[in-house]
$ cat data_2.csv   # CSV, C-alpha atoms and all ligand atoms
chain,number,residue,atom,x,y,z
A,12,MET,CA,18.2,-0.5,-10.2
A,13,ALA,CA,20.2,2.4,-8.7
A,14,LYS,CA,21.5,0.6,-5.7
A,15,GLY,CA,24.9,2.3,-5.6
A,16,ASP,CA,26.2,5.1,-3.5
A,17,PRO,CA,26.5,8.2,-5.6
A,18,GLY,CA,30.1,8.5,-4.6
A,19,ALA,CA,31.1,5.3,-6.3
A,20,ALA,CA,32.1,4.1,-9.8
A,21,THR,CA,32.3,5.9,-13.1
A,22,ARG,CA,30.6,9.2,-13.2
A,23,SER,CA,28.5,10.6,-16.0
A,24,LYS,CA,30.3,13.7,-17.1
A,25,ARG,CA,27.3,15.3,-18.6
A,26,ALA,CA,25.8,17.3,-15.7
A,27,ALA,CA,25.3,21.0,-16.4
A,28,PRO,CA,27.7,23.1,-14.3
A,29,ARG,CA,25.2,25.1,-12.4
A,30,THR,CA,24.3,25.6,-8.8
A,31,ARG,CA,20.9,26.9,-8.0
A,32,ARG,CA,19.5,28.5,-4.9
A,33,ALA,CA,16.2,26.7,-4.0
A,34,ALA,CA,14.2,29.9,-4.5
A,35,ALA,CA,15.4,30.3,-8.1
A,36,THR,CA,13.8,27.2,-9.5
A,37,GLY,CA,10.4,28.7,-10.5
A,38,GLU,CA,8.7,26.9,-7.7
A,39,PRO,CA,9.1,28.7,-4.3
A,40,GLU,CA,11.9,27.4,-2.1
A,41,LEU,CA,12.2,24.1,-3.9
A,42,VAL,CA,15.3,22.0,-4.2
A,43,GLN,CA,15.5,20.7,-7.7
A,44,LEU,CA,18.2,18.8,-9.7
A,45,LEU,CA,16.2,17.9,-12.8
A,46,THR,CA,13.7,20.3,-14.3
A,47,PRO,CA,10.4,19.3,-15.8
A,48,GLU,CA,12.1,19.7,-19.3
A,49,GLY,CA,14.8,17.2,-18.3
A,50,GLU,CA,17.6,19.7,-17.8
A,51,ARG,CA,20.1,18.7,-15.2
A,52,ILE,CA,21.1,21.1,-12.5
A,53,GLU,CA,24.4,20.2,-11.0
A,54,SER,CA,23.7,21.3,-7.4
A,55,ALA,CA,21.0,23.1,-5.5
A,56,LEU,CA,21.1,24.9,-2.2
A,57,GLY,CA,18.6,24.3,0.5
A,58,PRO,CA,17.2,27.0,2.8
A,59,ASP,CA,20.1,26.5,5.4
A,60,GLY,CA,22.8,26.6,2.7
A,61,THR,CA,23.2,22.9,2.4
A,62,GLU,CA,24.4,22.0,-1.1
A,63,TYR,CA,22.6,19.1,-2.7
A,64,ARG,CA,23.9,17.0,-5.6
A,65,VAL,CA,24.0,13.5,-7.0
A,66,ASP,CA,26.7,11.9,-9.0
A,67,PHE,CA,25.3,8.7,-10.5
A,68,THR,CA,26.7,6.5,-13.1
A,69,ASP,CA,24.8,6.1,-16.4
A,70,GLU,CA,23.7,2.7,-15.2
A,71,GLU,CA,22.4,4.1,-12.0
A,72,TYR,CA,20.4,6.8,-13.8
A,73,CYS,CA,18.9,4.1,-16.0
A,74,GLY,CA,18.1,2.0,-12.9
A,75,LEU,CA,16.2,4.9,-11.3
A,76,TYR,CA,14.2,5.3,-14.6
A,77,ARG,CA,13.4,1.6,-14.6
A,78,ASP,CA,12.2,1.8,-11.0
A,79,LEU,CA,9.9,4.7,-11.8
A,80,VAL,CA,8.3,2.9,-14.8
A,81,LEU,CA,7.9,-0.5,-13.0
A,82,VAL,CA,6.4,1.1,-10.0
A,83,ARG,CA,3.9,3.1,-12.1
A,84,LYS,CA,2.9,0.0,-14.0
A,85,LEU,CA,2.4,-2.1,-10.9
A,86,ASP,CA,0.2,0.6,-9.5
A,87,ALA,CA,-1.8,0.8,-12.7
A,88,GLU,CA,-2.3,-2.9,-12.7
A,89,ALA,CA,-3.6,-2.8,-9.1
A,90,THR,CA,-6.0,0.0,-10.0
A,91,ALA,CA,-7.3,-2.1,-12.9
A,92,LEU,CA,-7.7,-5.1,-10.6
A,93,GLN,CA,-9.8,-3.1,-8.2
A,94,ARG,CA,-12.0,-1.8,-11.0
A,95,GLN,CA,-12.6,-5.5,-12.0
A,96,GLY,CA,-13.6,-6.4,-8.5
A,97,GLU,CA,-10.5,-8.3,-7.6
A,98,LEU,CA,-9.3,-5.9,-4.9
A,99,GLY,CA,-11.5,-4.2,-2.3
A,100,LEU,CA,-9.7,-0.9,-2.5
A,101,TRP,CA,-6.5,0.6,-3.9
A,102,ALA,CA,-4.6,3.8,-3.0
A,103,SER,CA,-2.7,4.8,-6.1
A,104,LEU,CA,0.7,6.5,-6.0
A,105,LEU,CA,0.3,7.9,-9.5
A,106,GLY,CA,2.4,11.1,-9.7
A,107,GLN,CA,4.4,10.4,-6.6
A,108,GLU,CA,6.8,7.8,-8.0
A,109,ALA,CA,9.8,10.1,-7.9
A,110,ALA,CA,9.3,11.1,-4.2
A,111,GLN,CA,9.0,7.4,-3.3
A,112,VAL,CA,11.7,5.9,-5.5
A,113,GLY,CA,14.1,8.8,-4.7
A,114,SER,CA,13.7,8.5,-0.9
A,115,GLY,CA,13.4,4.7,-1.0
A,116,ARG,CA,16.7,4.2,-2.9
A,117,ALA,CA,18.3,6.7,-0.5
A,118,LEU,CA,17.7,4.3,2.4
A,119,ARG,CA,20.6,2.2,3.5
A,120,THR,CA,20.0,-1.5,4.2
A,121,GLN,CA,20.0,-1.0,7.9
A,122,ASP,CA,17.5,1.9,7.9
A,123,MET,CA,13.9,1.4,9.0
A,124,ALA,CA,10.9,2.8,7.2
A,125,PHE,CA,7.4,3.5,8.5
A,126,PRO,CA,4.9,3.9,5.6
A,127,THR,CA,1.3,5.0,5.2
A,128,TYR,CA,-1.0,3.0,2.9
A,129,ARG,CA,0.3,4.6,-0.4
A,130,GLU,CA,4.1,3.8,-0.2
A,131,HIS,CA,4.1,1.1,-2.8
A,132,GLY,CA,7.2,2.6,-4.4
A,133,VAL,CA,9.2,2.6,-1.2
A,134,LEU,CA,7.9,-1.0,-0.6
A,135,TYR,CA,9.3,-2.0,-4.0
A,136,CYS,CA,12.7,-0.3,-3.2
A,137,ARG,CA,12.9,-2.3,0.0
A,138,GLY,CA,12.7,-5.5,-2.0
A,139,ILE,CA,9.3,-6.6,-0.9
A,140,ASP,CA,7.2,-8.6,-3.4
A,141,PRO,CA,4.4,-6.3,-4.7
A,142,ILE,CA,2.0,-9.2,-4.3
A,143,MET,CA,2.1,-8.4,-0.6
A,144,PRO,CA,0.1,-5.1,-0.5
A,145,LEU,CA,-2.2,-6.6,-3.1
A,146,GLY,CA,-3.1,-9.4,-0.8
A,147,LEU,CA,-3.8,-6.9,1.9
A,148,PHE,CA,-6.2,-4.8,-0.3
A,149,ARG,CA,-7.7,-8.0,-1.7
A,150,GLY,CA,-8.6,-8.9,1.9
A,151,VAL,CA,-6.9,-12.3,1.9
A,152,ASP,CA,-3.9,-11.4,3.9
A,153,GLN,CA,-3.5,-9.7,7.2
A,154,GLY,CA,-0.4,-7.7,6.4
A,155,GLY,CA,2.0,-9.6,4.3
A,156,TRP,CA,5.6,-8.9,5.0
A,157,ASP,CA,7.8,-9.2,8.1
A,158,PRO,CA,8.8,-5.6,9.1
A,159,ASN,CA,12.0,-6.8,10.7
A,160,GLU,CA,13.1,-8.8,7.7
A,161,PHE,CA,12.6,-5.9,5.2
A,162,LYS,CA,13.1,-3.0,7.5
A,163,PHE,CA,9.7,-1.7,6.4
A,164,ASN,CA,6.9,-1.5,8.8
A,165,MET,CA,3.2,-2.5,8.1
A,166,TYR,CA,1.0,-0.2,6.1
A,167,THR,CA,-0.8,2.2,8.5
A,168,ILE,CA,-4.2,3.6,7.6
A,169,VAL,CA,-4.7,5.6,10.8
A,170,ILE,CA,-3.5,9.0,9.7
A,171,GLY,CA,-0.3,10.0,11.4
A,172,ALA,CA,-0.1,7.1,13.8
A,173,GLN,CA,3.0,5.7,12.2
A,174,THR,CA,5.0,8.9,12.9
A,175,LEU,CA,4.6,8.1,16.7
A,176,HIS,CA,5.7,4.5,16.1
A,177,ALA,CA,8.7,5.7,14.1
A,178,THR,CA,9.6,8.2,16.8
A,179,GLY,CA,9.5,5.5,19.5
A,180,TYR,CA,11.5,3.2,17.3
A,181,ALA,CA,14.1,5.9,16.5
A,182,MET,CA,14.4,6.8,20.2
A,183,GLY,CA,15.1,3.0,20.8
A,184,VAL,CA,17.7,3.0,18.0
A,185,ALA,CA,19.5,5.9,19.8
A,186,MET,CA,19.2,4.3,23.2
A,187,ASP,CA,20.7,1.0,21.8
A,188,GLY,CA,23.7,3.0,20.7
A,189,LYS,CA,23.1,2.2,17.0
A,190,THR,CA,23.7,5.7,15.7
A,191,GLY,CA,27.0,7.1,14.7
A,192,GLY,CA,29.1,6.6,11.5
A,193,GLU,CA,28.3,5.0,8.2
A,194,ASP,CA,26.9,1.9,9.8
A,195,GLY,CA,24.5,3.8,12.0
A,196,GLU,CA,20.8,3.2,11.7
A,197,ALA,CA,18.4,5.9,10.7
A,198,VAL,CA,14.6,5.8,10.6
A,199,ILE,CA,12.2,7.4,8.1
A,200,ALA,CA,8.5,8.2,8.6
A,201,TYR,CA,6.2,8.8,5.7
A,202,PHE,CA,3.0,10.8,5.9
A,203,GLY,CA,0.9,13.2,3.9
A,204,ASP,CA,0.1,16.9,3.9
A,205,GLY,CA,-3.2,16.2,5.6
A,206,ALA,CA,-1.5,14.2,8.4
A,207,THR,CA,0.4,17.4,9.4
A,208,SER,CA,-2.8,18.6,11.0
A,209,GLN,CA,-3.0,15.5,13.2
A,210,GLY,CA,-2.0,15.7,16.9
A,211,ASP,CA,0.1,12.5,16.4
A,212,VAL,CA,2.4,14.1,13.9
A,213,ASN,CA,2.9,17.2,16.0
A,214,GLU,CA,3.6,15.2,19.1
A,215,SER,CA,6.1,13.1,17.1
A,216,PHE,CA,7.9,16.3,16.1
A,217,VAL,CA,8.2,17.3,19.8
A,218,TRP,CA,9.4,14.0,21.0
A,219,ALA,CA,11.8,13.4,18.1
A,220,SER,CA,13.2,16.9,18.6
A,221,VAL,CA,13.8,16.8,22.4
A,222,PHE,CA,15.2,13.3,22.3
A,223,ASN,CA,17.3,14.0,19.2
A,224,ALA,CA,15.9,10.9,17.6
A,225,PRO,CA,17.6,9.7,14.4
A,226,LEU,CA,14.5,10.2,12.3
A,227,VAL,CA,13.6,11.7,9.0
A,228,PHE,CA,10.0,13.0,8.7
A,229,PHE,CA,9.2,12.6,5.0
A,230,CYS,CA,6.0,14.4,4.1
A,231,GLN,CA,4.6,13.8,0.6
A,232,ASN,CA,2.7,17.0,0.0
A,233,ASN,CA,0.4,15.7,-2.8
A,234,GLN,CA,-1.7,18.8,-2.4
A,235,TYR,CA,-4.8,17.0,-1.1
A,236,ALA,CA,-6.1,15.1,1.9
A,237,ILE,CA,-8.9,13.3,0.1
A,238,SER,CA,-10.9,16.4,-1.1
A,239,GLU,CA,-9.3,18.9,1.3
A,240,PRO,CA,-6.7,21.1,-0.5
A,241,LEU,CA,-3.4,22.1,1.1
A,242,GLU,CA,-4.8,25.6,2.0
A,243,ARG,CA,-7.1,23.9,4.6
A,244,GLN,CA,-4.0,22.4,6.4
A,245,THR,CA,-1.6,25.3,6.6
A,246,ARG,CA,-0.8,28.9,6.0
A,247,VAL,CA,2.9,28.4,5.8
A,248,PRO,CA,5.0,26.1,3.6
A,249,LEU,CA,4.9,22.8,5.5
A,250,TYR,CA,8.7,22.4,5.7
A,251,ARG,CA,9.0,25.6,7.7
A,252,ARG,CA,7.0,24.1,10.5
A,253,ALA,CA,10.1,22.2,11.5
A,254,GLY,CA,11.8,25.4,12.7
A,255,GLY,CA,9.2,25.8,15.4
A,256,PHE,CA,10.0,22.3,16.7
A,257,GLY,CA,13.7,22.9,16.6
A,258,PHE,CA,15.0,20.9,13.7
A,259,PRO,CA,15.7,21.6,10.0
A,260,GLY,CA,13.2,21.5,7.2
A,261,VAL,CA,13.6,21.5,3.5
A,262,ARG,CA,11.2,21.4,0.6
A,263,VAL,CA,12.2,19.3,-2.4
A,264,ASP,CA,10.7,18.8,-5.8
A,265,GLY,CA,9.0,15.5,-5.2
A,266,ASN,CA,8.6,14.9,-8.9
A,267,ASP,CA,12.4,15.0,-9.3
A,268,VAL,CA,13.8,11.6,-8.4
A,269,LEU,CA,17.4,12.9,-8.2
A,270,ALA,CA,16.6,15.8,-5.8
A,271,SER,CA,14.4,13.5,-3.7
A,272,TYR,CA,17.3,11.0,-3.5
A,273,ALA,CA,19.9,13.7,-2.6
A,274,VAL,CA,17.8,15.4,0.1
A,275,THR,CA,16.7,12.2,1.7
A,276,ARG,CA,20.2,10.7,1.7
A,277,HIS,CA,21.6,13.8,3.3
A,278,ALA,CA,18.9,13.9,6.0
A,279,LEU,CA,19.3,10.2,6.8
A,280,ASP,CA,23.0,10.5,7.1
A,281,ASN,CA,22.7,13.4,9.4
A,282,ALA,CA,20.2,11.3,11.5
A,283,ARG,CA,22.5,8.3,11.6
A,284,ASN,CA,25.4,10.5,12.6
A,285,GLY,CA,23.6,11.7,15.7
A,286,GLN,CA,22.4,15.0,14.4
A,287,GLY,CA,18.8,14.3,15.1
A,288,PRO,CA,15.6,14.6,13.2
A,289,SER,CA,14.6,16.7,10.1
A,290,LEU,CA,11.6,17.3,8.0
A,291,ILE,CA,11.5,16.8,4.2
A,292,GLU,CA,8.5,18.2,2.4
A,293,ALA,CA,8.3,16.5,-1.0
A,294,TYR,CA,6.3,18.8,-3.1
A,295,THR,CA,4.3,16.7,-5.5
A,296,TYR,CA,0.8,15.9,-6.8
A,297,ARG,CA,-1.6,13.1,-6.5
A,298,MET,CA,-2.5,12.5,-10.2
A,299,GLY,CA,-5.2,10.0,-9.5
A,300,ALA,CA,-8.0,9.7,-7.1
A,301,HIS,CA,-7.4,9.5,-3.3
A,302,THR,CA,-8.4,5.8,-3.5
A,303,THR,CA,-10.5,3.9,-5.9
A,304,SER,CA,-13.5,5.0,-3.7
A,305,ASP,CA,-13.0,8.6,-4.6
A,306,ASP,CA,-14.0,10.8,-7.5
A,307,PRO,CA,-11.6,13.8,-7.7
A,308,THR,CA,-13.6,15.5,-10.5
A,309,ARG,CA,-16.0,16.6,-7.8
A,310,TYR,CA,-13.4,18.9,-6.1
A,311,ARG,CA,-10.6,19.8,-8.5
A,312,ILE,CA,-10.5,21.2,-12.0
A,313,ALA,CA,-9.0,19.5,-15.0
A,314,SER,CA,-6.6,22.4,-15.8
A,315,GLU,CA,-4.9,21.9,-12.4
A,316,VAL,CA,-4.2,18.2,-13.2
A,317,GLU,CA,-3.0,19.1,-16.7
A,318,ALA,CA,-0.5,21.7,-15.2
A,319,TRP,CA,1.0,18.9,-13.1
A,320,GLN,CA,1.0,16.5,-16.0
A,321,ALA,CA,3.7,18.8,-17.5
A,322,LYS,CA,5.8,18.1,-14.4
A,323,ASP,CA,5.6,14.3,-14.7
A,324,PRO,CA,8.4,12.5,-12.9
A,325,ILE,CA,8.9,9.9,-15.5
A,326,ALA,CA,8.7,12.1,-18.6
A,327,ARG,CA,11.5,14.4,-17.2
A,328,MET,CA,13.8,11.5,-16.5
A,329,LYS,CA,13.2,10.1,-20.0
A,330,ALA,CA,13.9,13.5,-21.5
A,331,PHE,CA,17.1,13.8,-19.5
A,332,LEU,CA,18.3,10.3,-20.5
A,333,THR,CA,17.5,10.9,-24.1
A,334,LYS,CA,19.1,14.4,-24.4
A,335,GLN,CA,22.2,13.2,-22.6
A,336,LYS,CA,22.3,10.1,-24.8
A,337,ILE,CA,22.5,8.0,-21.7
A,338,ALA,CA,19.8,5.7,-23.1
A,339,ASP,CA,18.1,5.2,-26.4
A,340,GLU,CA,14.8,3.9,-27.7
A,341,SER,CA,15.8,0.2,-27.3
A,342,PHE,CA,16.3,0.8,-23.6
A,343,PHE,CA,12.9,2.4,-23.1
A,344,THR,CA,11.2,-0.3,-25.1
A,345,ALA,CA,12.9,-3.0,-23.0
A,346,VAL,CA,11.8,-1.3,-19.8
A,347,ASP,CA,8.2,-1.0,-21.0
A,348,GLU,CA,8.3,-4.7,-22.0
A,349,GLN,CA,9.7,-5.7,-18.5
A,350,ALA,CA,6.9,-3.6,-16.9
A,351,ARG,CA,4.3,-5.3,-19.0
A,352,THR,CA,5.6,-8.8,-18.3
A,353,GLU,CA,5.8,-8.2,-14.5
A,354,SER,CA,2.3,-6.7,-14.3
A,355,VAL,CA,0.8,-9.7,-16.2
A,356,HIS,CA,2.6,-12.0,-13.8
A,357,LEU,CA,1.4,-10.0,-10.8
A,358,ARG,CA,-2.2,-10.2,-12.1
A,359,GLU,CA,-2.0,-14.0,-12.5
A,360,ARG,CA,-0.6,-14.4,-9.0
A,361,VAL,CA,-3.3,-12.1,-7.5
A,362,LEU,CA,-6.1,-14.1,-9.1
A,363,ALA,CA,-4.5,-17.3,-7.8
A,364,MET,CA,-4.3,-16.1,-4.2
A,365,PRO,CA,-6.3,-18.5,-2.0
A,366,ASP,CA,-9.1,-17.2,0.2
A,367,PRO,CA,-8.2,-17.7,3.9
A,368,GLN,CA,-10.3,-19.6,6.3
A,369,PRO,CA,-12.4,-17.0,8.2
A,370,VAL,CA,-11.1,-18.3,11.6
A,371,THR,CA,-7.6,-17.1,10.7
A,372,MET,CA,-8.6,-13.6,11.6
A,373,PHE,CA,-7.9,-14.5,15.2
A,374,ASP,CA,-4.3,-15.7,14.5
A,375,HIS,CA,-2.2,-12.5,14.8
A,376,VAL,CA,-4.1,-10.4,17.3
A,377,TYR,CA,-1.6,-11.2,20.0
A,378,PRO,CA,1.7,-12.9,19.7
A,379,ASN,CA,0.8,-15.5,22.3
A,380,GLY,CA,-3.0,-15.5,22.2
A,381,SER,CA,-5.2,-14.8,25.2
A,382,PRO,CA,-7.9,-16.8,27.1
A,383,GLU,CA,-10.6,-14.4,25.9
A,384,LEU,CA,-9.5,-14.7,22.3
A,385,ASP,CA,-9.3,-18.5,22.6
A,386,GLU,CA,-12.9,-18.5,23.7
A,387,GLN,CA,-14.0,-16.2,20.9
A,388,ARG,CA,-12.2,-18.4,18.4
A,389,ALA,CA,-13.9,-21.5,19.8
A,390,ARG,CA,-17.3,-19.9,19.6
A,391,PHE,CA,-16.7,-18.7,16.1
A,392,THR,CA,-15.5,-22.1,15.0
A,393,GLN,CA,-18.7,-23.6,16.4
A,394,TYR,CA,-20.7,-21.0,14.6
A,395,MET,CA,-19.0,-21.8,11.2
A,396,GLU,CA,-19.5,-25.5,11.8
A,397,SER,CA,-23.2,-25.0,12.1
A,398,PHE,CA,-23.3,-24.2,8.4
A,399,GLU,CA,-21.6,-27.5,7.4
A,400,GLY,CA,-23.8,-29.7,5.3
A,401,SER,CA,-26.2,-26.8,4.6
A,402,ALA,CA,-26.4,-25.1,1.1
A,403,HIS,CA,-25.1,-21.8,2.5
A,501,LIG,C1,-7.0,9.3,12.3
A,501,LIG,C2,-7.7,9.2,10.9
A,501,LIG,N1,-8.6,10.2,10.6
A,501,LIG,C3,-9.2,10.1,9.4
A,501,LIG,C4,-9.0,9.1,8.5
A,501,LIG,C5,-9.6,9.1,7.1
A,501,LIG,N2,-8.7,9.4,6.1
A,501,LIG,C6,-8.1,8.5,5.3
A,501,LIG,S1,-7.0,9.1,4.2
A,501,LIG,C7,-7.3,10.7,4.8
A,501,LIG,C8,-6.5,11.9,4.2
A,501,LIG,C9,-5.1,11.8,4.4
A,501,LIG,O1,-4.5,12.8,3.6
A,501,LIG,P1,-2.9,13.0,3.5
A,501,LIG,O2,-2.3,12.9,4.9
A,501,LIG,O3,-2.6,14.2,2.8
A,501,LIG,O4,-2.4,11.7,2.8
A,501,LIG,P2,-2.7,11.2,1.3
A,501,LIG,O5,-3.9,10.3,1.3
A,501,LIG,O6,-2.9,12.4,0.5
A,501,LIG,O7,-1.5,10.5,0.8
A,501,LIG,C10,-8.2,10.7,5.8
A,501,LIG,C11,-8.7,11.9,6.5
A,501,LIG,C12,-8.0,8.1,8.9
A,501,LIG,N3,-7.7,7.1,8.1
A,501,LIG,N4,-7.4,8.2,10.1
A,502,MG,MG,-2.2,14.4,0.8

$ encode --input "data_2.csv" --output "structure tokens" --more "lines below"
Ligand SMILES: Cc1ncc(C[n+]2csc(CCOP(=O)(O)OP(=O)(O)O)c2C)c(N)n1
Ligand SMILES: [Mg+2]
Amino acid sequence: MAKGDPGAATRSKRAAPRTRRAAATGEPELVQLLTPEGERIESALGPDGTEYRVDFTDEEYCGLYRDLVLVRKLDAEATALQRQGELGLWASLLGQEAAQVGSGRALRTQDMAFPTYREHGVLYCRGIDPIMPLGLFRGVDQGGWDPNEFKFNMYTIVIGAQTLHATGYAMGVAMDGKTGGEDGEAVIAYFGDGATSQGDVNESFVWASVFNAPLVFFCQNNQYAISEPLERQTRVPLYRRAGGFGFPGVRVDGNDVLASYAVTRHALDNARNGQGPSLIEAYTYRMGAHTTSDDPTRYRIASEVEAWQAKDPIARMKAFLTKQKIADESFFTAVDEQARTESVHLRERVLAMPDPQPVTMFDHVYPNGSPELDEQRARFTQYMESFEGSAH
């Protein structure tokens, strides 16, 4: 796993000596450090002239590759479990692994993250057992992890709502005097391209801006909000909206784990140093369905998906590691084997998860309960008891 700071330890000396302006990468205005062909770009300039680079050790590059593969495999296993009737629903991250692993690994231990329902890769980087979201989507668990323990808030299905939670939290961090210096705390809020049309997100932008909140808005532009394409959300590149709210915005190649890391680390460090919020638009693609309830063939054409397949985040990392002789076939085989073993183990554990007693749905509504809830619980218990001894 790439846990290290890119400023530490032995450096790989193989990076190509090039700096690119974001606009010169083939995609408009995109910060990129690793091309789809696996060519390394030493540094890239953002729209405000910020120079982005990473300087990982070989071990750290391999760690990032392993993260990408493990996360994709866990996601595929979850999709399979849903198809077999073992989960009620699954929102796949297929295609978005680099945006999530890159940003997830850029978080420092003290940073707080607010996810949507698709951030399984970030969850994994935070050290949360992947069984947790599976329990949620199996309907046998009411949430799973402790947000304070892992610095990763609960999954949020209400589109955009978590950006408001994150803004309030980040304002609190600043009021508590926790910003400033390396040890300062920063906050990151994940949301999608569709969410940018929500009032909540735009209100968050206003509040975070005027209160100089230590917050990174991380928008994964996966080109769709269910069946609605990006052109139904905006007429300008999403990252440019930040300017209107008074903070910087940058568009990064979200299929490039290195650039996603570099841009996020920079934005988080600015936030923790008291420089306020910023917006990252991670330009990526949802390779699968919106959720397992969706059929994307009804609203997008196969050639579009194929064009994005050529930009696959894992393939380009593998090409880079191979070309630079950082890793060989035995490493790739071992990673695949690890992914297979972990997914088999995950499946076994999901199938063994006990069904909760229905009455537990009252347990976590309020921290200390309420008389009304107590009464509802009593009535429900009585109702359930009325079935005892009957065949049903
Ligand atoms: C407030 C609200 N409105 C509508 C929905 C239904 N809904 C669920 S996902 C989704 C699309 C979200 O698209 P985007 O923000 O691009 O995120 P993505 O799913 O692509 O990651 C919608 C409209 C919802 N969950 N919450
Ligand atoms: Mg989307």

$ residues_near_ligand --input "data_2.csv" --ligand "ligand LIG 501 (chain A)" --cutoff "10 Å" --atoms "only C-alpha atoms and all ligand atoms" --output "count of residues only"
43

$ residues_around --input "data_2.csv" --residues "Ser271 in chain A" --least-positions-apart "4" --cutoff "9 Å" --atoms "only C-alpha atoms" --output "list in words"
Val42, Gln43, Leu44, Ala109, Ala110, Gln111, Val112, Gly113, Ser114, Ala117, Val263, Asp264, Gly265, Asn266, Asp267, Thr275, Arg276 and Ala293 of chain A

$ atom_distance --input "data_2.csv" --atom1 "CA of Ala330 in chain A" --atom2 "CA of Met298 in chain A"
19.9 Å

$ closest_residue --input "data_2.csv" --among "A:Gln387, A:Gln349, A:Asn223, A:Gln320" --to "Pro47 in chain A" --atoms "only C-alpha atoms"
A:Gln320

$ residues_near_point --input "data_2.csv" --point "(21.8, 14.4, 11.7)" --cutoff "12 Å" --atoms "all atoms listed in the file" --output "CSV table (one decimal) with C-alpha atoms, in the frame of the given file"
chain,number,residue,atom,x,y,z
A,185,ALA,CA,19.5,5.9,19.8
A,190,THR,CA,23.7,5.7,15.7
A,191,GLY,CA,27.0,7.1,14.7
A,192,GLY,CA,29.1,6.6,11.5
A,193,GLU,CA,28.3,5.0,8.2
A,195,GLY,CA,24.5,3.8,12.0
A,196,GLU,CA,20.8,3.2,11.7
A,197,ALA,CA,18.4,5.9,10.7
A,198,VAL,CA,14.6,5.8,10.6
A,219,ALA,CA,11.8,13.4,18.1
A,220,SER,CA,13.2,16.9,18.6
A,223,ASN,CA,17.3,14.0,19.2
A,224,ALA,CA,15.9,10.9,17.6
A,225,PRO,CA,17.6,9.7,14.4
A,226,LEU,CA,14.5,10.2,12.3
A,227,VAL,CA,13.6,11.7,9.0
A,258,PHE,CA,15.0,20.9,13.7
A,259,PRO,CA,15.7,21.6,10.0
A,275,THR,CA,16.7,12.2,1.7
A,276,ARG,CA,20.2,10.7,1.7
A,277,HIS,CA,21.6,13.8,3.3
A,278,ALA,CA,18.9,13.9,6.0
A,279,LEU,CA,19.3,10.2,6.8
A,280,ASP,CA,23.0,10.5,7.1
A,281,ASN,CA,22.7,13.4,9.4
A,282,ALA,CA,20.2,11.3,11.5
A,283,ARG,CA,22.5,8.3,11.6
A,284,ASN,CA,25.4,10.5,12.6
A,285,GLY,CA,23.6,11.7,15.7
A,286,GLN,CA,22.4,15.0,14.4
A,287,GLY,CA,18.8,14.3,15.1
A,288,PRO,CA,15.6,14.6,13.2
A,289,SER,CA,14.6,16.7,10.1
A,290,LEU,CA,11.6,17.3,8.0

$ atom_distance --input "data_2.csv" --atom1 "CA of Gly106 in chain A" --atom2 "CA of Leu56 in chain A"
24.4 Å

$ atom_distance --input "data_2.csv" --atom1 "CA of Glu353 in chain A" --atom2 "CA of Lys322 in chain A"
26.3 Å

$ residues_around --input "data_2.csv" --residues "Pro126 in chain A" --least-positions-apart "6" --cutoff "10 Å" --atoms "only C-alpha atoms" --output "list of chain:residue names"
A:Val133, A:Leu134, A:Phe163, A:Asn164, A:Met165, A:Tyr166, A:Thr167, A:Ile168, A:Gly171, A:Gln173, A:Thr174, A:Ala177, A:Ile199, A:Ala200, A:Tyr201, A:Phe202, A:Phe229

$ closest_residue --input "data_2.csv" --among "A:Tyr294, A:Phe222, A:Tyr377, A:Phe398" --to "ligand MG 502 (chain A)" --atoms "all atoms listed in the file"
A:Tyr294

$ closest_residue --input "data_2.csv" --among "A:Pro369, A:Gly96, A:Gly260, A:Gly299" --to "ligand MG 502 (chain A)" --atoms "all atoms listed in the file"
A:Gly299
